[in-house]
>>> print(open('start_17.txt').read())   # compact mmCIF, C-alpha atoms
# COMPACT_ATOMS: atom_id res chain seq x y z
CA MET K 1 123.53 187.41 83.89
CA LEU K 2 126.37 184.88 84.07
CA PHE K 3 129.36 184.91 86.36
CA LEU K 4 132.15 182.35 86.37
CA MET K 5 133.93 182.07 89.68
CA GLY K 6 136.95 179.89 89.03
CA SER K 7 139.06 178.06 91.58
CA ALA K 8 141.35 175.06 91.63
CA GLN K 9 138.43 172.92 92.80
CA ALA K 10 135.42 174.23 90.93
CA GLU K 11 134.05 176.45 88.19
CA MET K 12 130.99 177.99 89.80
CA VAL K 13 128.32 179.31 87.46
CA ARG K 14 125.90 181.98 88.65
CA LEU K 15 122.73 182.87 86.78
CA ASP K 16 120.41 185.74 87.72
CA VAL K 17 116.89 185.27 86.32
CA ARG K 18 113.93 187.51 87.07
CA PRO K 19 110.70 185.60 87.76
CA SER K 20 108.87 187.79 85.22
CA ALA K 21 111.34 186.63 82.55
CA THR K 22 110.25 183.03 83.11
CA ALA K 23 106.51 183.77 82.90
CA PRO K 24 104.90 187.18 82.18
CA GLU K 25 102.09 186.56 84.68
CA ILE K 26 104.60 186.69 87.55
CA GLN K 27 104.98 190.34 88.56
CA ALA K 28 105.19 190.42 92.37
CA ALA K 29 108.53 189.85 94.13
CA ASP K 30 110.51 190.18 90.90
CA ALA K 31 114.02 190.30 92.38
CA PRO K 32 116.12 187.80 90.43
CA HIS K 33 116.30 184.15 91.31
CA ILE K 34 119.94 183.15 91.74
CA VAL K 35 121.06 179.82 90.31
CA LEU K 36 124.46 178.62 91.48
CA PHE K 37 126.24 175.40 90.57
CA ASP K 38 129.58 173.77 89.83
CA ALA K 39 129.76 173.32 86.06
CA SER K 40 131.93 170.22 86.47
CA LYS K 41 129.20 168.37 88.41
CA ALA K 42 126.38 167.73 85.99
CA ASN K 43 124.18 165.25 87.82
CA GLY K 44 123.83 166.52 91.39
CA ASN K 45 120.44 166.95 93.00
CA LEU K 46 118.81 170.37 92.98
CA LEU K 47 118.58 172.36 96.22
CA LEU K 48 115.60 174.71 96.43
CA TRP K 49 116.63 177.44 98.88
CA MET K 50 113.97 179.75 100.35
CA PRO K 51 115.07 182.85 102.29
CA GLY K 52 113.30 184.09 105.40
CA THR K 53 110.95 187.00 106.04
CA LEU K 54 111.79 190.11 104.00
CA GLY K 55 114.64 188.16 102.41
CA THR K 56 115.62 188.07 98.74
CA PRO K 57 118.15 185.85 97.00
CA HIS K 58 121.69 187.12 97.40
CA LEU K 59 125.22 185.84 97.62
CA SER K 60 126.67 186.52 101.04
CA PRO K 61 130.22 187.92 101.01
CA LYS K 62 131.14 184.97 103.22
CA LEU K 63 130.35 181.33 102.61
CA ASP K 64 126.87 180.46 103.89
CA PHE K 65 124.67 177.36 103.69
CA PRO K 66 123.35 177.68 100.10
CA GLN K 67 126.77 178.56 98.71
CA PHE K 68 128.26 175.65 100.65
CA ALA K 69 125.63 173.37 99.09
CA ALA K 70 126.75 174.44 95.62
CA GLN K 71 130.33 173.57 96.53
CA GLN K 72 129.12 170.13 97.62
CA GLY K 73 127.71 169.43 94.16
CA TYR K 74 124.10 170.60 94.41
CA ARG K 75 122.56 172.81 91.78
CA VAL K 76 121.21 175.56 94.01
CA VAL K 77 118.15 177.65 93.19
CA MET K 78 117.84 180.61 95.56
CA LEU K 79 114.20 181.34 94.90
CA SER K 80 112.69 184.81 94.69
CA TYR K 81 109.20 184.72 96.20
CA ILE K 82 106.89 186.85 98.34
CA THR K 83 108.48 187.10 101.80
CA GLY K 84 107.03 190.33 103.19
CA GLN K 85 104.46 188.57 105.35
CA ALA K 86 105.15 185.50 107.46
CA VAL K 87 102.95 182.98 109.25
CA SER K 88 104.29 184.27 112.56
CA GLY K 89 103.00 187.76 111.74
CA VAL K 90 99.66 186.86 110.16
CA CYS K 91 98.44 183.79 112.04
CA VAL K 92 98.35 185.33 115.50
CA GLY K 93 95.78 187.03 117.74
CA LYS K 94 92.26 187.23 116.36
CA ASN K 95 93.28 185.65 113.04
CA LEU K 96 94.46 182.53 114.83
CA SER K 97 91.48 182.50 117.19
CA ALA K 98 89.14 182.57 114.20
CA ASN K 99 90.96 179.81 112.31
CA ARG K 100 93.10 177.17 114.02
CA GLN K 101 94.29 176.09 110.56
CA CYS K 102 95.49 179.60 109.69
CA ALA K 103 99.13 178.52 109.36
CA GLU K 104 98.28 175.58 107.13
CA ASP K 105 96.03 177.70 104.91
CA PHE K 106 98.72 180.39 104.68
CA CYS K 107 101.43 177.91 103.66
CA ARG K 108 99.22 176.14 101.13
CA LYS K 109 98.45 179.42 99.40
CA ARG K 110 102.03 180.73 99.40
CA ILE K 111 103.59 177.44 98.31
CA PHE K 112 101.03 175.71 96.10
CA GLY K 113 98.71 178.57 95.14
CA GLY K 114 95.70 177.42 97.16
CA GLU K 115 92.61 179.60 97.22
CA GLY K 116 90.15 180.63 99.91
CA PHE K 117 92.60 182.33 102.28
CA SER K 118 92.19 186.10 102.24
CA LEU K 119 94.78 187.23 104.80
CA ILE K 120 97.57 187.40 102.23
CA ALA K 121 97.25 188.81 98.72
CA ASP K 122 99.37 186.16 96.95
CA GLN K 123 97.94 185.13 93.56
CA PRO K 124 98.21 181.60 92.11
CA GLN K 125 101.05 182.66 89.80
CA ASP K 126 102.96 183.95 92.84
CA ALA K 127 103.20 180.51 94.43
CA ILE K 128 106.60 179.04 95.21
CA VAL K 129 106.03 175.86 93.20
CA HIS K 130 104.80 177.80 90.15
CA ARG K 131 107.88 180.03 90.26
CA LEU K 132 110.21 177.05 90.57
CA SER K 133 108.51 175.19 87.71
CA LYS K 134 108.69 178.17 85.37
CA LEU K 135 112.35 178.76 86.19
CA LEU K 136 113.28 175.13 85.54
CA LEU K 137 111.33 175.10 82.28
CA GLN K 138 113.17 178.18 81.09
CA LEU K 139 116.55 176.72 82.02
CA LYS K 140 115.62 173.50 80.23
CA GLU K 141 114.86 175.42 77.03
CA THR K 142 117.70 177.96 77.12
CA ARG K 143 120.56 175.89 78.56
CA LYS K 144 120.06 172.52 76.90
CA ASP K 145 123.58 171.21 77.48
CA GLU K 146 123.04 171.40 81.28
CA HIS K 147 120.06 168.99 81.26
CA TRP K 148 117.69 170.82 83.58
CA GLU K 149 114.97 168.42 82.44
CA GLN K 150 116.29 165.94 85.02
CA TYR K 151 114.48 168.03 87.69
CA LEU K 152 111.14 168.08 85.86
CA ASN K 153 108.37 165.59 85.24
CA ALA K 154 106.91 165.16 81.76
CA ASP K 155 104.07 167.55 82.64
CA GLY K 156 106.50 170.32 83.65
CA SER K 157 106.03 169.92 87.41
CA PRO K 158 109.03 169.61 89.74
CA ARG K 159 110.51 166.12 90.02
CA TRP K 160 110.62 166.21 93.81
CA GLU K 161 112.67 163.03 94.29
CA ARG K 162 115.61 164.92 92.69
CA ILE K 163 115.04 168.09 94.71
CA ALA K 164 116.17 168.89 98.26
CA VAL K 165 114.26 171.70 99.97
CA ALA K 166 115.80 174.04 102.51
CA GLY K 167 115.31 177.46 104.01
CA GLN K 168 115.91 179.74 106.93
CA SER K 169 113.21 181.06 109.30
CA GLN K 170 110.00 181.42 107.23
CA GLY K 171 111.79 179.56 104.43
CA GLY K 172 112.53 176.66 106.76
CA GLY K 173 108.85 176.36 107.56
CA HIS K 174 108.00 176.32 103.86
CA ALA K 175 110.60 173.59 103.29
CA ALA K 176 108.89 171.47 105.94
CA PHE K 177 105.45 172.05 104.44
CA ILE K 178 106.65 170.98 100.99
CA ALA K 179 108.34 167.88 102.41
CA LYS K 180 105.14 166.88 104.16
CA ALA K 181 103.25 166.98 100.86
CA LYS K 182 105.92 165.81 98.39
CA PRO K 183 108.57 163.05 98.57
CA VAL K 184 111.63 165.29 98.38
CA ALA K 185 115.24 164.09 98.29
CA ARG K 186 116.05 165.85 101.57
CA VAL K 187 114.74 168.67 103.75
CA VAL K 188 116.85 171.06 105.85
CA MET K 189 115.18 173.52 108.23
CA LEU K 190 117.44 176.26 109.58
CA SER K 191 115.89 178.18 112.49
CA GLY K 192 112.32 177.78 111.34
CA GLY K 193 109.47 177.72 111.22
CA TRP K 194 107.28 177.66 114.33
CA ASP K 195 103.67 177.61 113.11
CA MET K 196 100.98 177.54 115.79
CA SER K 197 97.34 176.39 116.02
CA ALA K 198 96.79 178.37 119.23
CA PRO K 199 99.03 180.16 121.73
CA GLY K 200 101.42 177.55 123.10
CA GLU K 201 100.16 174.84 120.69
CA ILE K 202 102.16 173.97 117.61
CA ALA K 203 100.25 173.72 114.33
CA GLY K 204 98.43 170.49 113.64
CA TRP K 205 99.92 170.03 110.17
CA TYR K 206 103.28 169.08 111.69
CA ALA K 207 101.78 165.82 113.04
CA ARG K 208 100.16 164.72 109.80
CA PRO K 209 101.60 161.87 107.67
CA SER K 210 104.64 162.86 105.65
CA ALA K 211 105.40 162.05 102.02
CA THR K 212 109.11 162.41 102.88
CA PRO K 213 110.38 159.74 105.29
CA PRO K 214 111.94 160.83 108.63
CA GLU K 215 115.47 159.81 107.68
CA ARG K 216 115.56 162.55 105.03
CA TRP K 217 114.74 165.36 107.50
CA TYR K 218 117.33 167.64 109.15
CA ALA K 219 116.89 170.68 111.40
CA ALA K 220 119.14 173.13 113.21
CA TYR K 221 118.56 176.10 115.50
CA HIS K 222 120.61 178.02 118.03
CA VAL K 223 119.83 177.39 121.69
CA GLU K 224 119.69 181.15 122.34
CA GLU K 225 116.89 181.79 119.85
CA PRO K 226 113.63 182.83 121.57
CA THR K 227 111.75 180.03 119.80
CA ALA K 228 114.39 177.32 120.43
CA ARG K 229 112.13 175.21 122.66
CA THR K 230 109.29 175.40 120.18
CA MET K 231 111.53 174.33 117.30
CA ALA K 232 112.85 171.44 119.38
CA ALA K 233 109.28 170.32 120.09
CA ILE K 234 108.36 170.60 116.40
CA SER K 235 111.35 168.44 115.45
CA ARG K 236 110.04 165.74 117.78
CA VAL K 237 106.50 165.95 116.38
CA LEU K 238 107.95 165.66 112.87
CA ASN K 239 109.74 162.47 114.00
CA ILE K 240 113.09 163.79 112.85
CA PRO K 241 115.80 161.43 114.17
CA ALA K 242 117.53 162.98 117.17
CA SER K 243 120.89 162.67 115.42
CA HIS K 244 119.55 164.86 112.59
CA VAL K 245 118.62 167.76 114.90
CA ALA K 246 121.36 170.22 115.86
CA ALA K 247 120.90 172.44 118.92
CA LEU K 248 123.73 174.83 118.08
CA ASP K 249 125.56 176.43 120.97
CA GLN K 250 128.69 178.23 119.74
CA PRO K 251 128.94 181.87 120.93
CA VAL K 252 126.65 184.16 118.95
CA ARG K 253 128.74 186.48 116.79
CA GLY K 254 126.33 189.42 116.66
CA ALA K 255 123.19 190.71 118.30
CA ARG K 256 120.87 187.86 117.26
CA ALA K 257 121.17 184.10 117.29
CA HIS K 258 118.55 183.64 114.58
CA GLY K 259 120.98 183.71 111.63
CA GLU K 260 123.71 181.56 113.12
CA ALA K 261 122.59 178.24 111.59
CA LEU K 262 122.67 179.85 108.16
CA SER K 263 125.95 181.70 108.24
CA ASN K 264 128.33 180.71 111.05
CA PRO K 265 131.31 178.85 109.53
CA ALA K 266 131.68 176.85 112.75
CA TYR K 267 128.68 174.82 111.61
CA GLN K 268 130.04 173.77 108.22
CA PRO K 269 130.58 170.15 109.37
CA TRP K 270 126.86 169.96 110.22
CA TRP K 271 125.92 171.57 106.91
CA GLN K 272 127.87 168.86 105.12
CA TYR K 273 126.16 166.17 107.19
CA ALA K 274 122.70 167.57 106.47
CA LEU K 275 123.45 167.79 102.77
CA GLY K 276 124.56 164.19 102.59
CA GLY K 277 128.11 164.00 103.91
CA ALA K 278 129.72 162.54 107.01
CA TRP K 279 129.27 163.99 110.51
>>> encode(input="start_17.txt", output="structure tokens")
Amino acid sequence: MLFLMGSAQAEMVRLDVRPSATAPEIQAADAPHIVLFDASKANGNLLLWMPGTLGTPHLSPKLDFPQFAAQQGYRVVMLSYITGQAVSGVCVGKNLSANRQCAEDFCRKRIFGGEGFSLIADQPQDAIVHRLSKLLLQLKETRKDEHWEQYLNADGSPRWERIAVAGQSQGGGHAAFIAKAKPVARVVMLSGGWDMSAPGEIAGWYARPSATPPERWYAAYHVEEPTARTMAAISRVLNIPASHVAALDQPVRGARAHGEALSNPAYQPWWQYALGGAW
């Protein structure tokens, strides 16, 4: 489905593409991916956006971070993937006691399709990277004039140096995990994640060497979130420059602070900074 949203500044193109339409083996979490971009800006980097727990791609009625990124010249892919279970719900209690690497094993399976982790039912074809690759390959073949091949390697895998990764809550944790393993163009974590190796001990994978250098990392959270201190500690372990970490403190507009980094328009200057603009 195609929508043109015209304005004096931009001609925004929206595409809705079901994962199963990109590869028949993908059946779970088949809500459409949403692709959003300014048709007048042909060569911007891609932003892979991953929603949080129980989230699906959608366009907010008000401008939020992924829509703002499209306005800034990114081609935005709001990815449809399995979000019904999160690390924070699975890797706790006896599961965490039995396996200190539970969070790492969970993320590897959900993102890259790793095997040998039975606590979630994700199949290899369900993996985030597989879904992204299949979507980009379809766009390359069906929309040739838009040159989606610039985000793919010759073997059909994502060309990570042209892709920024970002997400909110669970999606923010997945963005960090990808950026640890792949040299992405930029990583933006909004209010997440907070993986643990044991109660009160952040997951060991955060301290491992990163394929993405520290100057490309950005993180934001609201100071009133219950996990604010943990996210601050994780940002330090990740070696994110202090100037790239935003402890947001504007009044919370609703009942929960957890969505403020994603949707509060007061933070648009920081969004622009994290996406590559001035602060």
>>> atom_distance(input="start_17.txt", atom1="atom CA of K:Ala127", atom2="atom CA of K:Gly44")
25.1 Å
>>> atom_distance(input="start_17.txt", atom1="atom CA of K:Leu248", atom2="atom CA of K:Ser197")
26.5 Å
>>> atom_distance(input="start_17.txt", atom1="atom CA of K:Gly55", atom2="atom CA of K:Ala176")
18.0 Å
>>> closest_residue(input="start_17.txt", among="K:Ala42, K:Ala86, K:Leu48, K:Ala21", to="K:Trp160", atoms="only C-alpha atoms")
K:Leu48
>>> closest_residue(input="start_17.txt", among="K:Arg159, K:Ala39, K:Gln250, K:Glu215", to="K:Asp145", atoms="only C-alpha atoms")
K:Ala39
>>> residues_around(input="start_17.txt", residues="stretch 161-170 of chain K", least_positions_apart="3", cutoff="9 Å", atoms="only C-alpha atoms", output="compact mmCIF listing (two decimals) with C-alpha atoms, keeping the file's coordinate frame")
# COMPACT_ATOMS: atom_id res chain seq x y z
CA GLY K 44 123.83 166.52 91.39
CA ASN K 45 120.44 166.95 93.00
CA LEU K 46 118.81 170.37 92.98
CA LEU K 47 118.58 172.36 96.22
CA LEU K 48 115.60 174.71 96.43
CA TRP K 49 116.63 177.44 98.88
CA MET K 50 113.97 179.75 100.35
CA PRO K 51 115.07 182.85 102.29
CA GLY K 52 113.30 184.09 105.40
CA THR K 53 110.95 187.00 106.04
CA PRO K 66 123.35 177.68 100.10
CA TYR K 74 124.10 170.60 94.41
CA THR K 83 108.48 187.10 101.80
CA ALA K 86 105.15 185.50 107.46
CA VAL K 87 102.95 182.98 109.25
CA SER K 88 104.29 184.27 112.56
CA GLN K 150 116.29 165.94 85.02
CA TYR K 151 114.48 168.03 87.69
CA LEU K 152 111.14 168.08 85.86
CA PRO K 158 109.03 169.61 89.74
CA GLY K 173 108.85 176.36 107.56
CA HIS K 174 108.00 176.32 103.86
CA ALA K 175 110.60 173.59 103.29
CA ALA K 176 108.89 171.47 105.94
CA ILE K 178 106.65 170.98 100.99
CA ALA K 179 108.34 167.88 102.41
CA LYS K 182 105.92 165.81 98.39
CA PRO K 183 108.57 163.05 98.57
CA VAL K 184 111.63 165.29 98.38
CA ALA K 185 115.24 164.09 98.29
CA ARG K 186 116.05 165.85 101.57
CA VAL K 187 114.74 168.67 103.75
CA VAL K 188 116.85 171.06 105.85
CA MET K 189 115.18 173.52 108.23
CA LEU K 190 117.44 176.26 109.58
CA SER K 191 115.89 178.18 112.49
CA GLY K 192 112.32 177.78 111.34
CA GLY K 193 109.47 177.72 111.22
CA TRP K 194 107.28 177.66 114.33
CA HIS K 258 118.55 183.64 114.58
CA GLY K 259 120.98 183.71 111.63
CA ALA K 261 122.59 178.24 111.59
CA LEU K 262 122.67 179.85 108.16
CA LEU K 275 123.45 167.79 102.77
>>> closest_residue(input="start_17.txt", among="K:Leu238, K:Ala207, K:Leu36, K:Leu54", to="K:Phe68", atoms="only C-alpha atoms")
K:Leu36
>>> residues_around(input="start_17.txt", residues="K:Pro24", least_positions_apart="6", cutoff="12 Å", atoms="all atoms listed in the file", output="list in words")
Arg18, Asp30, Gln125, Asp126, Arg131, Lys134 and Leu135 of chain K
>>> residues_around(input="start_17.txt", residues="K:Ser118", least_positions_apart="6", cutoff="12 Å", atoms="only C-alpha atoms", output="list in words")
Val90, Cys91, Asn95, Asn99, Cys102, Asp105, Phe106, Lys109 and Arg110 of chain K
>>> residues_around(input="start_17.txt", residues="K:Met196", least_positions_apart="6", cutoff="10 Å", atoms="all atoms listed in the file", output="count of residues only")
16
